[in-house]
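Student: Structure file target22.pdb, PDB, C-alpha atoms and all ligand atoms, is pasted below:
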ATOM      1  CA  MET I   1       1.083  21.584 -18.646
ATOM      2  CA  SER I   2      -2.010  19.425 -19.110
ATOM      3  CA  HIS I   3      -1.745  15.709 -18.322
ATOM      4  CA  ASP I   4      -4.614  14.656 -20.601
ATOM      5  CA  ALA I   5      -2.267  12.677 -22.867
ATOM      6  CA  ALA I   6      -1.257  10.361 -20.006
ATOM      7  CA  PHE I   7      -4.485  10.059 -17.982
ATOM      8  CA  GLU I   8      -8.224  10.148 -18.461
ATOM      9  CA  LEU I   9     -11.248  10.311 -16.189
ATOM     10  CA  VAL I  10     -13.422   7.204 -16.215
ATOM     11  CA  THR I  11     -16.822   6.427 -14.721
ATOM     12  CA  LEU I  12     -16.738   3.273 -12.619
ATOM     13  CA  LYS I  13     -19.493   0.656 -12.476
ATOM     14  CA  GLY I  14     -20.971   2.142  -9.311
ATOM     15  CA  GLY I  15     -21.137   5.589 -10.940
ATOM     16  CA  GLY I  16     -18.101   7.083  -9.142
ATOM     17  CA  ARG I  17     -15.321   8.810 -11.104
ATOM     18  CA  SER I  18     -11.698   7.687 -11.092
ATOM     19  CA  ILE I  19      -8.489   8.001 -13.107
ATOM     20  CA  ARG I  20      -7.061   5.670 -15.741
ATOM     21  CA  SER I  21      -3.399   5.735 -16.651
ATOM     22  CA  LYS I  22      -3.226   5.363 -20.412
ATOM     23  CA  ALA I  23       0.464   4.382 -20.294
ATOM     24  CA  HIS I  24      -0.051   1.612 -17.721
ATOM     25  CA  GLY I  25      -3.506   0.603 -18.919
ATOM     26  CA  GLU I  26      -4.653   0.542 -15.286
ATOM     27  CA  THR I  27      -7.598   2.222 -13.596
ATOM     28  CA  MET I  28      -7.182   3.343 -10.007
ATOM     29  CA  HIS I  29      -9.706   2.140  -7.406
ATOM     30  CA  ILE I  30     -11.407   0.139 -10.147
ATOM     31  CA  GLY I  31     -13.061  -2.211  -7.610
ATOM     32  CA  THR I  32     -15.335   0.464  -6.171
ATOM     33  CA  ASP I  33     -14.359   4.152  -6.159
ATOM     34  CA  PRO I  34     -11.666   6.471  -4.757
ATOM     35  CA  ARG I  35     -13.381   6.653  -1.350
ATOM     36  CA  THR I  36     -14.768   3.154  -0.784
ATOM     37  CA  GLU I  37     -11.698   1.102  -1.718
ATOM     38  CA  PRO I  38      -9.284   3.102   0.484
ATOM     39  CA  LEU I  39     -11.740   2.801   3.359
ATOM     40  CA  GLU I  40     -12.491  -0.912   3.013
ATOM     41  CA  LEU I  41      -9.122  -2.250   1.958
ATOM     42  CA  HIS I  42      -6.751   0.011   3.865
ATOM     43  CA  VAL I  43      -8.207   2.310   6.512
ATOM     44  CA  THR I  44     -10.917   0.192   8.128
ATOM     45  CA  GLN I  45      -9.127  -3.129   7.734
ATOM     46  CA  GLN I  46      -6.051  -1.711   9.484
ATOM     47  CA  ARG I  47      -8.257  -0.235  12.267
ATOM     48  CA  LEU I  48      -6.618   3.116  11.656
ATOM     49  CA  ALA I  49      -9.116   5.167  13.693
ATOM     50  CA  GLU I  50      -8.821   2.911  16.742
ATOM     51  CA  ARG I  51      -5.036   2.657  16.578
ATOM     52  CA  VAL I  52      -4.523   6.395  16.134
ATOM     53  CA  SER I  53      -6.870   7.310  18.982
ATOM     54  CA  GLY I  54      -5.140   4.776  21.258
ATOM     55  CA  TRP I  55      -1.626   5.950  20.324
ATOM     56  CA  SER I  56       0.260   7.220  23.361
ATOM     57  CA  GLY I  57       3.381   8.635  21.646
ATOM     58  CA  PRO I  58       5.510  10.639  22.230
ATOM     59  CA  ALA I  59       6.868   9.318  18.901
ATOM     60  CA  PRO I  60       4.545  10.080  15.994
ATOM     61  CA  PHE I  61       2.134   7.515  14.589
ATOM     62  CA  VAL I  62       3.623   6.850  11.160
ATOM     63  CA  ILE I  63       1.911   5.834   7.920
ATOM     64  CA  TRP I  64       3.739   4.884   4.715
ATOM     65  CA  ASP I  65       1.558   5.542   1.686
ATOM     66  CA  ILE I  66       3.417   3.711  -1.066
ATOM     67  CA  GLY I  67       2.220   4.796  -4.508
ATOM     68  CA  LEU I  68       0.565   8.141  -3.667
ATOM     69  CA  GLY I  69      -0.995   8.382  -7.146
ATOM     70  CA  PRO I  70      -3.990  10.751  -7.050
ATOM     71  CA  ALA I  71      -4.008  10.485  -3.233
ATOM     72  CA  GLY I  72      -7.242   8.560  -2.667
ATOM     73  CA  ASN I  73      -5.734   6.495   0.155
ATOM     74  CA  ALA I  74      -3.899   9.413   1.766
ATOM     75  CA  ILE I  75      -6.899  11.754   1.760
ATOM     76  CA  THR I  76      -9.223   9.060   3.100
ATOM     77  CA  ALA I  77      -6.771   8.382   5.928
ATOM     78  CA  ILE I  78      -6.422  12.091   6.729
ATOM     79  CA  GLU I  79     -10.213  12.540   6.839
ATOM     80  CA  VAL I  80     -10.634   9.581   9.208
ATOM     81  CA  ILE I  81      -7.778  10.708  11.461
ATOM     82  CA  ARG I  82      -9.104  14.270  11.696
ATOM     83  CA  GLU I  83     -12.540  13.001  12.619
ATOM     84  CA  VAL I  84     -11.357  10.551  15.265
ATOM     85  CA  LEU I  85      -8.885  12.945  16.877
ATOM     86  CA  GLY I  86     -11.188  15.972  17.049
ATOM     87  CA  GLY I  87      -9.163  18.508  19.024
ATOM     88  CA  LYS I  88      -6.805  15.875  20.532
ATOM     89  CA  SER I  89      -3.171  16.414  19.593
ATOM     90  CA  VAL I  90      -1.560  13.139  18.491
ATOM     91  CA  PRO I  91       1.463  13.608  16.222
ATOM     92  CA  ILE I  92       0.881  11.858  12.899
ATOM     93  CA  GLU I  93       3.326  11.535  10.015
ATOM     94  CA  ILE I  94       2.175  10.410   6.577
ATOM     95  CA  HIS I  95       4.999   9.557   4.198
ATOM     96  CA  SER I  96       3.769   9.310   0.624
ATOM     97  CA  TYR I  97       6.093   7.733  -1.936
ATOM     98  CA  GLU I  98       5.661   8.462  -5.624
ATOM     99  CA  ILE I  99       7.808   8.072  -8.724
ATOM    100  CA  SER I 100       5.765  10.562 -10.762
ATOM    101  CA  THR I 101       3.325  13.190  -9.513
ATOM    102  CA  ASP I 102       1.595  13.415 -12.899
ATOM    103  CA  ALA I 103      -1.473  11.500 -11.654
ATOM    104  CA  LEU I 104      -1.835  13.865  -8.703
ATOM    105  CA  GLU I 105      -1.432  16.914 -10.923
ATOM    106  CA  PHE I 106      -4.051  15.499 -13.314
ATOM    107  CA  ALA I 107      -6.363  14.873 -10.351
ATOM    108  CA  LEU I 108      -5.919  18.456  -9.190
ATOM    109  CA  GLU I 109      -6.883  19.710 -12.666
ATOM    110  CA  HIS I 110     -10.095  17.649 -12.320
ATOM    111  CA  ALA I 111     -10.784  18.124  -8.614
ATOM    112  CA  ALA I 112     -14.378  19.180  -9.227
ATOM    113  CA  GLU I 113     -15.211  15.923 -11.034
ATOM    114  CA  LEU I 114     -13.273  13.779  -8.555
ATOM    115  CA  GLU I 115     -15.423  14.437  -5.512
ATOM    116  CA  TYR I 116     -12.982  13.031  -2.971
ATOM    117  CA  LEU I 117     -10.523  15.846  -3.725
ATOM    118  CA  ASN I 118     -12.968  18.624  -2.907
ATOM    119  CA  GLY I 119     -11.543  20.811  -0.175
ATOM    120  CA  TRP I 120      -8.062  19.285  -0.336
ATOM    121  CA  GLU I 121      -6.688  21.325  -3.197
ATOM    122  CA  THR I 122      -4.638  23.658  -0.968
ATOM    123  CA  SER I 123      -2.929  20.811   0.914
ATOM    124  CA  ILE I 124      -2.127  19.043  -2.341
ATOM    125  CA  ARG I 125      -0.685  22.181  -3.928
ATOM    126  CA  GLU I 126       1.443  22.679  -0.811
ATOM    127  CA  LEU I 127       2.618  19.056  -0.924
ATOM    128  CA  LEU I 128       3.542  19.310  -4.599
ATOM    129  CA  LYS I 129       5.305  22.641  -4.190
ATOM    130  CA  HIS I 130       7.152  22.203  -0.898
ATOM    131  CA  GLY I 131       7.194  18.418  -0.366
ATOM    132  CA  THR I 132       5.380  18.861   2.957
ATOM    133  CA  ALA I 133       1.836  19.831   3.896
ATOM    134  CA  PHE I 134      -0.014  20.213   7.182
ATOM    135  CA  PRO I 135      -3.607  19.169   6.559
ATOM    136  CA  SER I 136      -4.239  19.751  10.264
ATOM    137  CA  PRO I 137      -1.939  20.981  13.045
ATOM    138  CA  SER I 138      -0.888  17.516  14.229
ATOM    139  CA  ILE I 139      -0.615  15.875  10.787
ATOM    140  CA  THR I 140       2.593  16.217   8.793
ATOM    141  CA  TRP I 141       2.247  14.917   5.237
ATOM    142  CA  ARG I 142       5.537  14.391   3.367
ATOM    143  CA  LEU I 143       6.109  13.551  -0.260
ATOM    144  CA  HIS I 144       9.125  11.374  -1.136
ATOM    145  CA  ARG I 145       9.714  11.642  -4.844
ATOM    146  CA  GLY I 146      11.494   8.888  -6.770
ATOM    147  CA  ASP I 147      11.542   5.127  -7.159
ATOM    148  CA  PHE I 148      10.558   3.678  -3.778
ATOM    149  CA  SER I 149      12.425   0.439  -4.496
ATOM    150  CA  ARG I 150      15.720   2.344  -4.747
ATOM    151  CA  GLN I 151      15.319   4.691  -1.807
ATOM    152  CA  PRO I 152      16.931   4.396   1.576
ATOM    153  CA  HIS I 153      13.957   4.381   3.936
ATOM    154  CA  ASP I 154      14.826   7.343   6.089
ATOM    155  CA  ALA I 155      11.315   7.888   7.446
ATOM    156  CA  LEU I 156      10.483   6.522  10.905
ATOM    157  CA  ALA I 157       9.278   2.912  10.975
ATOM    158  CA  PRO I 158       5.562   2.781  10.163
ATOM    159  CA  SER I 159       2.576   1.398  12.061
ATOM    160  CA  VAL I 160       0.532   1.305   8.880
ATOM    161  CA  ILE I 161       1.484   0.775   5.233
ATOM    162  CA  PHE I 162      -0.839   1.315   2.288
ATOM    163  CA  PHE I 163       0.964  -0.686  -0.404
ATOM    164  CA  ASP I 164      -0.542   0.490  -3.670
ATOM    165  CA  PRO I 165       1.705   0.429  -6.743
ATOM    166  CA  TYR I 166       0.458  -0.793 -10.108
ATOM    167  CA  SER I 167       0.384  -4.549 -10.691
ATOM    168  CA  PRO I 168       3.519  -6.759 -10.768
ATOM    169  CA  ALA I 169       3.219  -6.911 -14.566
ATOM    170  CA  ARG I 170       3.617  -3.102 -14.768
ATOM    171  CA  ASN I 171       5.763  -2.390 -11.699
ATOM    172  CA  SER I 172       7.898  -5.481 -11.094
ATOM    173  CA  GLU I 173      10.506  -3.490  -9.126
ATOM    174  CA  MET I 174       7.913  -2.802  -6.426
ATOM    175  CA  TRP I 175       6.914  -6.427  -5.884
ATOM    176  CA  ASN I 176      10.221  -8.244  -5.736
ATOM    177  CA  LEU I 177      12.019  -9.871  -2.845
ATOM    178  CA  GLU I 178      14.547  -7.041  -2.620
ATOM    179  CA  THR I 179      11.858  -4.373  -2.120
ATOM    180  CA  PHE I 180       9.828  -6.368   0.407
ATOM    181  CA  ARG I 181      13.087  -7.115   2.284
ATOM    182  CA  LEU I 182      13.971  -3.420   2.544
ATOM    183  CA  MET I 183      10.540  -2.765   4.016
ATOM    184  CA  TRP I 184      10.851  -5.743   6.328
ATOM    185  CA  GLU I 185      14.170  -4.382   7.645
ATOM    186  CA  ALA I 186      12.391  -1.162   8.639
ATOM    187  CA  VAL I 187       9.543  -2.866  10.483
ATOM    188  CA  SER I 188      11.581  -5.634  12.115
ATOM    189  CA  ALA I 189      14.052  -3.341  13.896
ATOM    190  CA  PRO I 190      13.886  -3.963  17.669
ATOM    191  CA  ASP I 191      12.200  -0.628  18.401
ATOM    192  CA  ALA I 192       9.742  -0.758  15.469
ATOM    193  CA  PRO I 193       6.034  -0.500  16.341
ATOM    194  CA  ALA I 194       3.433  -3.137  15.484
ATOM    195  CA  CYS I 195       2.843  -2.703  11.757
ATOM    196  CA  THR I 196       0.260  -3.856   9.238
ATOM    197  CA  MET I 197       0.326  -3.543   5.453
ATOM    198  CA  THR I 198      -2.628  -3.939   3.084
ATOM    199  CA  ASN I 199      -2.818  -4.600  -0.644
ATOM    200  CA  TYR I 200      -5.437  -5.709  -3.194
ATOM    201  CA  THR I 201      -3.454  -8.721  -4.463
ATOM    202  CA  ARG I 202      -4.323 -12.359  -3.892
ATOM    203  CA  SER I 203      -1.456 -13.677  -5.983
ATOM    204  CA  THR I 204       0.301 -16.728  -4.567
ATOM    205  CA  SER I 205       3.590 -15.542  -6.002
ATOM    206  CA  VAL I 206       3.313 -12.124  -4.294
ATOM    207  CA  ARG I 207       2.396 -13.736  -0.976
ATOM    208  CA  VAL I 208       5.335 -16.155  -1.237
ATOM    209  CA  THR I 209       7.621 -13.195  -1.993
ATOM    210  CA  MET I 210       6.384 -11.283   1.071
ATOM    211  CA  LEU I 211       6.857 -14.341   3.303
ATOM    212  CA  LEU I 212      10.372 -15.016   2.023
ATOM    213  CA  ALA I 213      11.217 -11.374   2.748
ATOM    214  CA  GLY I 214      10.220 -12.011   6.375
ATOM    215  CA  TRP I 215       6.629 -10.696   6.599
ATOM    216  CA  PHE I 216       3.792 -12.585   8.277
ATOM    217  CA  VAL I 217       1.018 -12.817   5.694
ATOM    218  CA  GLY I 218      -2.731 -13.375   5.828
ATOM    219  CA  THR I 219      -5.913 -13.150   3.834
ATOM    220  CA  GLY I 220      -7.380  -9.654   3.627
ATOM    221  CA  VAL I 221     -10.969  -8.411   3.405
ATOM    222  CA  PRO I 222     -12.978  -8.447   0.176
ATOM    223  CA  THR I 223     -13.400  -5.156  -1.669
ATOM    224  CA  GLY I 224     -15.438  -4.452  -4.782
ATOM    225  CA  GLU I 225     -15.252  -7.470  -7.052
ATOM    226  CA  LYS I 226     -12.223  -8.902  -5.212
ATOM    227  CA  GLU I 227     -13.324 -11.641  -2.862
ATOM    228  CA  VAL I 228      -9.923 -11.842  -1.229
ATOM    229  CA  THR I 229      -7.016  -9.444  -0.740
ATOM    230  CA  THR I 230      -3.827  -9.569   1.354
ATOM    231  CA  MET I 231      -2.739  -8.212   4.707
ATOM    232  CA  ALA I 232       0.829  -8.550   6.012
ATOM    233  CA  SER I 233       2.336  -7.668   9.365
ATOM    234  CA  ASN I 234       5.472  -7.776  11.500
ATOM    235  CA  ARG I 235       3.443  -9.645  14.177
ATOM    236  CA  LEU I 236       1.529 -12.843  13.537
ATOM    237  CA  ASP I 237      -1.132 -11.966  16.130
ATOM    238  CA  LEU I 238      -2.204  -8.878  14.157
ATOM    239  CA  LEU I 239      -3.450 -11.049  11.290
ATOM    240  CA  LYS I 240      -7.073 -12.175  11.458
ATOM    241  CA  GLU I 241      -6.595 -14.960   8.928
ATOM    242  CA  PRO I 242      -2.934 -15.975   8.599
ATOM    243  CA  LEU I 243      -2.127 -18.155   5.609
ATOM    244  CA  ASP I 244      -2.137 -21.708   6.912
ATOM    245  CA  ALA I 245      -1.223 -25.318   6.165
ATOM    246  CA  ALA I 246      -3.969 -25.626   3.522
ATOM    247  CA  TRP I 247      -2.532 -22.592   1.703
ATOM    248  CA  LEU I 248       0.987 -24.069   1.929
ATOM    249  CA  ALA I 249      -0.278 -27.262   0.323
ATOM    250  CA  ARG I 250      -1.731 -25.222  -2.559
ATOM    251  CA  VAL I 251       1.588 -23.404  -3.015
ATOM    252  CA  ARG I 252       3.225 -26.714  -3.847
ATOM    253  CA  SER I 253       0.925 -27.403  -6.770
ATOM    254  CA  SER I 254       0.512 -23.794  -7.926
ATOM    255  CA  THR I 255       1.879 -22.755 -11.319
ATOM    256  CA  ASN I 256       2.289 -19.188 -10.032
ATOM    257  CA  ALA I 257       4.192 -19.534  -6.744
ATOM    258  CA  ASP I 258       7.704 -18.599  -7.808
ATOM    259  CA  PRO I 259       8.874 -15.614  -5.724
ATOM    260  CA  MET I 260       9.747 -12.480  -7.679
ATOM    261  CA  ARG I 261      13.380 -11.502  -7.899
ATOM    262  CA  GLY I 262      14.784  -8.484  -9.739
ATOM    263  CA  ARG I 263      12.565  -7.632 -12.697
ATOM    264  CA  ASN I 264      11.535 -11.213 -13.318
ATOM    265  CA  ASN I 265       7.781 -11.413 -13.230
ATOM    266  CA  GLU I 266       7.335 -14.701 -15.092
ATOM    267  CA  ARG I 267       4.859 -17.202 -13.719
ATOM    268  CA  GLY I 268       6.220 -20.531 -12.570
ATOM    269  CA  PRO I 269       6.095 -23.124  -9.777
ATOM    270  CA  ILE I 270       8.138 -22.640  -6.617
ATOM    271  CA  SER I 271      11.572 -24.330  -6.517
ATOM    272  CA  ALA I 272      12.374 -26.977  -3.888
ATOM    273  CA  GLU I 273      14.882 -24.576  -2.254
ATOM    274  CA  ASP I 274      12.368 -21.745  -1.966
ATOM    275  CA  TYR I 275       9.684 -24.108  -0.681
ATOM    276  CA  ALA I 276      12.083 -25.287   2.026
ATOM    277  CA  ARG I 277      12.718 -21.632   2.974
ATOM    278  CA  LEU I 278       8.995 -20.945   2.977
ATOM    279  CA  ILE I 279       8.034 -23.753   5.334
ATOM    280  CA  ALA I 280      10.827 -22.689   7.702
ATOM    281  CA  HIS I 281       9.097 -19.282   8.173
ATOM    282  CA  PRO I 282       8.024 -18.774  11.820
ATOM    283  CA  GLN I 283       4.400 -18.374  10.632
ATOM    284  CA  PHE I 284       4.266 -22.055   9.707
ATOM    285  CA  GLN I 285       6.020 -23.546  12.719
ATOM    286  CA  GLY I 286       3.805 -25.878  14.673
ATOM    287  CA  LEU I 287       1.234 -26.158  11.841
ATOM    288  CA  ARG I 288       0.201 -29.529  10.519
TER
HETATM  289  C1  LIG Q 301      -2.564   2.427  -8.316
HETATM  290  S1  LIG Q 301      -1.727   3.972  -8.317
HETATM  291  C2  LIG Q 301      -1.911   4.535  -6.657
HETATM  292  C3  LIG Q 301      -3.276   4.988  -6.267
HETATM  293  C4  LIG Q 301      -3.254   5.779  -4.991
HETATM  294  N1  LIG Q 301      -2.651   5.038  -3.885
HETATM  295  C5  LIG Q 301      -4.585   6.294  -4.558
HETATM  296  O1  LIG Q 301      -5.078   5.870  -3.504
HETATM  297  O2  LIG Q 301      -5.168   7.128  -5.243
HETATM  298  C6  LIG Q 301      -0.039   3.447  -8.315
HETATM  299  C7  LIG Q 301       0.969   4.567  -8.140
HETATM  300  O3  LIG Q 301       2.222   3.982  -7.819
HETATM  301  C8  LIG Q 301       3.231   4.779  -8.399
HETATM  302  N2  LIG Q 301       4.476   3.993  -8.529
HETATM  303  C9  LIG Q 301       4.698   2.995  -9.396
HETATM  304  N3  LIG Q 301       5.956   2.520  -9.280
HETATM  305  C10 LIG Q 301       6.545   3.242  -8.310
HETATM  306  C11 LIG Q 301       7.843   3.226  -7.743
HETATM  307  N4  LIG Q 301       8.788   2.367  -8.172
HETATM  308  N5  LIG Q 301       8.123   4.088  -6.741
HETATM  309  C12 LIG Q 301       7.168   4.973  -6.303
HETATM  310  N6  LIG Q 301       5.913   5.035  -6.821
HETATM  311  C13 LIG Q 301       5.593   4.187  -7.813
HETATM  312  C14 LIG Q 301       2.639   5.130  -9.737
HETATM  313  O4  LIG Q 301       3.307   6.259 -10.319
HETATM  314  C15 LIG Q 301       1.174   5.399  -9.384
HETATM  315  O5  LIG Q 301       0.932   6.757  -9.144
END
If you convert what's in this file into structure tokens, what do you get?
Tutor:
Amino acid sequence: MSHDAAFELVTLKGGGRSIRSKAHGETMHIGTDPRTEPLELHVTQQRLAERVSGWSGPAPFVIWDIGLGPAGNAITAIEVIREVLGGKSVPIEIHSYEISTDALEFALEHAAELEYLNGWETSIRELLKHGTAFPSPSITWRLHRGDFSRQPHDALAPSVIFFDPYSPARNSEMWNLETFRLMWEAVSAPDAPACTMTNYTRSTSVRVTMLLAGWFVGTGVPTGEKEVTTMASNRLDLLKEPLDAAWLARVRSSTNADPMRGRNNERGPISAEDYARLIAHPQFQGLR
């Protein structure tokens, strides 16, 4: 079945090709292209190559790829890992979460136009058919189908999370306190590894929601036309630019600082109760 009714190919400003979801009215990797954005925002910022090559195991190095979509982030990560590992055998698990594989199937139909997919067709077919693929002997790539926000997280705790759903306006279930709390539970278990999570947002409300769920949160690198993005972690010292007292002061006067709960994605100021919870977060202790 063709997916042309739901998706279309678009040419981005820089000339690269990407995919637009007609239903969601959103273009993937709109900032740059399906190779550059995954590299800048996720792979390089999280120092994936360095962390994978320094991983001593024996447990696998685990990546959660939330919102697999047409697999730009996953494929970029796999390419970087294969290059850095060469013949070295470090067990890697990539867990991709996706509510609908239509975007990936559309991408496969247009692999020739979407350059980043060239050479990966077999792995993607395997992933779609069997739910698991082995893009190289030490990399296990698993597909978890369904709504991520409603799934028990049975994969091992991750070292790296690519958090890439659509925007809160389209995908409120993915951005609420309940979902960020479930993820926080996985990465804050006593035996969980150091973990970082990257996302293109700069929204005050999203950052407040992440903090109230437990995450440490900082400013992320620029990518494309976005001057600022967001990086979160289970360890404060992994953040280059943690949100600070000046940011807290702006939260107070912001008209978009209300944390997201349930499917409520309305803009609003933060309540006094939530602000009190926010300033009690360990990230802000000792700041003045
Ligand atoms: C912006 S696209 C992802 C782009 C992709 N990461 C890439 O690098 O090519 C967002 C994806 O998140 C998926 N998604 C949205 N809500 C979801 C949910 N509740 N659970 C799992 N996946 C979801 C969408 O179906 C869509 O494919």
Student: For the structure shown, which residues end up in the PyMOL selection byres (((chain I and resi 128-140) around 7) and not hetatm)? Put them as a tab-separated table (two decimals) with C-alpha atoms, keeping the file's coordinate frame, please?
Tutor:
chain	number	residue	atom	x	y	z
I	89	SER	CA	-3.17	16.41	19.59
I	90	VAL	CA	-1.56	13.14	18.49
I	91	PRO	CA	1.46	13.61	16.22
I	92	ILE	CA	0.88	11.86	12.90
I	93	GLU	CA	3.33	11.54	10.02
I	94	ILE	CA	2.17	10.41	6.58
I	123	SER	CA	-2.93	20.81	0.91
I	124	ILE	CA	-2.13	19.04	-2.34
I	125	ARG	CA	-0.68	22.18	-3.93
I	126	GLU	CA	1.44	22.68	-0.81
I	127	LEU	CA	2.62	19.06	-0.92
I	141	TRP	CA	2.25	14.92	5.24
I	142	ARG	CA	5.54	14.39	3.37
I	143	LEU	CA	6.11	13.55	-0.26
Student: Name the residues captured by the PyMOL selection byres (((not hetatm)) within 6 of (chain Q and resi 301)) when it is applied to the shown file; answer as an MDAnalysis selection string.
Tutor: chainID I and resid 28 67:73 97:100 103 146:149 164:166 171 174
Student: Expand the PyMOL selection byres (((chain I and resi 38-40) around 9) and not hetatm) into the individual residues it matches in the shown file, reporting them as a short mmCIF file (atom, residue, chain, number, x, y, z; two decimals) with C-alpha atoms, in the coordinates of the input.
Tutor:
data_model
loop_
_atom_site.label_atom_id
_atom_site.label_comp_id
_atom_site.auth_asym_id
_atom_site.auth_seq_id
_atom_site.Cartn_x
_atom_site.Cartn_y
_atom_site.Cartn_z
CA HIS I 29 -9.71 2.14 -7.41
CA ASP I 33 -14.36 4.15 -6.16
CA PRO I 34 -11.67 6.47 -4.76
CA ARG I 35 -13.38 6.65 -1.35
CA THR I 36 -14.77 3.15 -0.78
CA GLU I 37 -11.70 1.10 -1.72
CA LEU I 41 -9.12 -2.25 1.96
CA HIS I 42 -6.75 0.01 3.86
CA VAL I 43 -8.21 2.31 6.51
CA THR I 44 -10.92 0.19 8.13
CA GLN I 45 -9.13 -3.13 7.73
CA GLY I 72 -7.24 8.56 -2.67
CA ASN I 73 -5.73 6.50 0.16
CA ALA I 74 -3.90 9.41 1.77
CA THR I 76 -9.22 9.06 3.10
CA ALA I 77 -6.77 8.38 5.93
CA PHE I 162 -0.84 1.32 2.29
CA VAL I 221 -10.97 -8.41 3.40
CA PRO I 222 -12.98 -8.45 0.18
CA THR I 223 -13.40 -5.16 -1.67
#
Student: Which value, in Å to one decimal, gives the distance between atom CA of Phe163 of chain I and atom CA of Asp65 of chain I?
Tutor: 6.6 Å
Student: Pick the closest to Phe180 of chain I from I:Arg261, I:Arg250, I:Arg267, I:Arg47: which is it, counting only C-alpha atoms?
Tutor: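 Checking each of I:Arg261, I:Arg250, I:Arg267, I:Arg47 against Phe180 of chain I, counting only C-alpha atoms, the winner is I:Arg261.
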Student: Give, as JSON, the centre coordinates and the x, y and z edge lengths in Å to one decimal for an axis-aligned box around all listed atoms of segment 4-19 of chain I, padded by 6 Å on each side.
Tutor:
{"center_x": -11.2, "center_y": 7.7, "center_z": -16.0, "size_x": 31.9, "size_y": 26.0, "size_z": 25.7}
Student: Please list as a VMD selection string every residue within 7 Å of Ser205 of chain I, counting only C-alpha atoms and excluding residues in the same chain fewer than 2 positions away.
Tutor: chain I and resid 203 207 to 209 256 to 259
Student: Point out the residue among I:Leu212, I:Arg145, I:Asp244, I:Glu83 with the least atom-to-atom distance to Glu273 of chain I, counting all atoms listed in the file.
Tutor: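 Ranked by minimum distance to Glu273 of chain I, first place goes to I:Leu212.
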Student: Take atom CA of Val84 of chain I and atom CA of Gly54 of chain I and report the distance between them in Å, one decimal.
Tutor: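 That distance, rounded to one decimal, is 10.4 Å.
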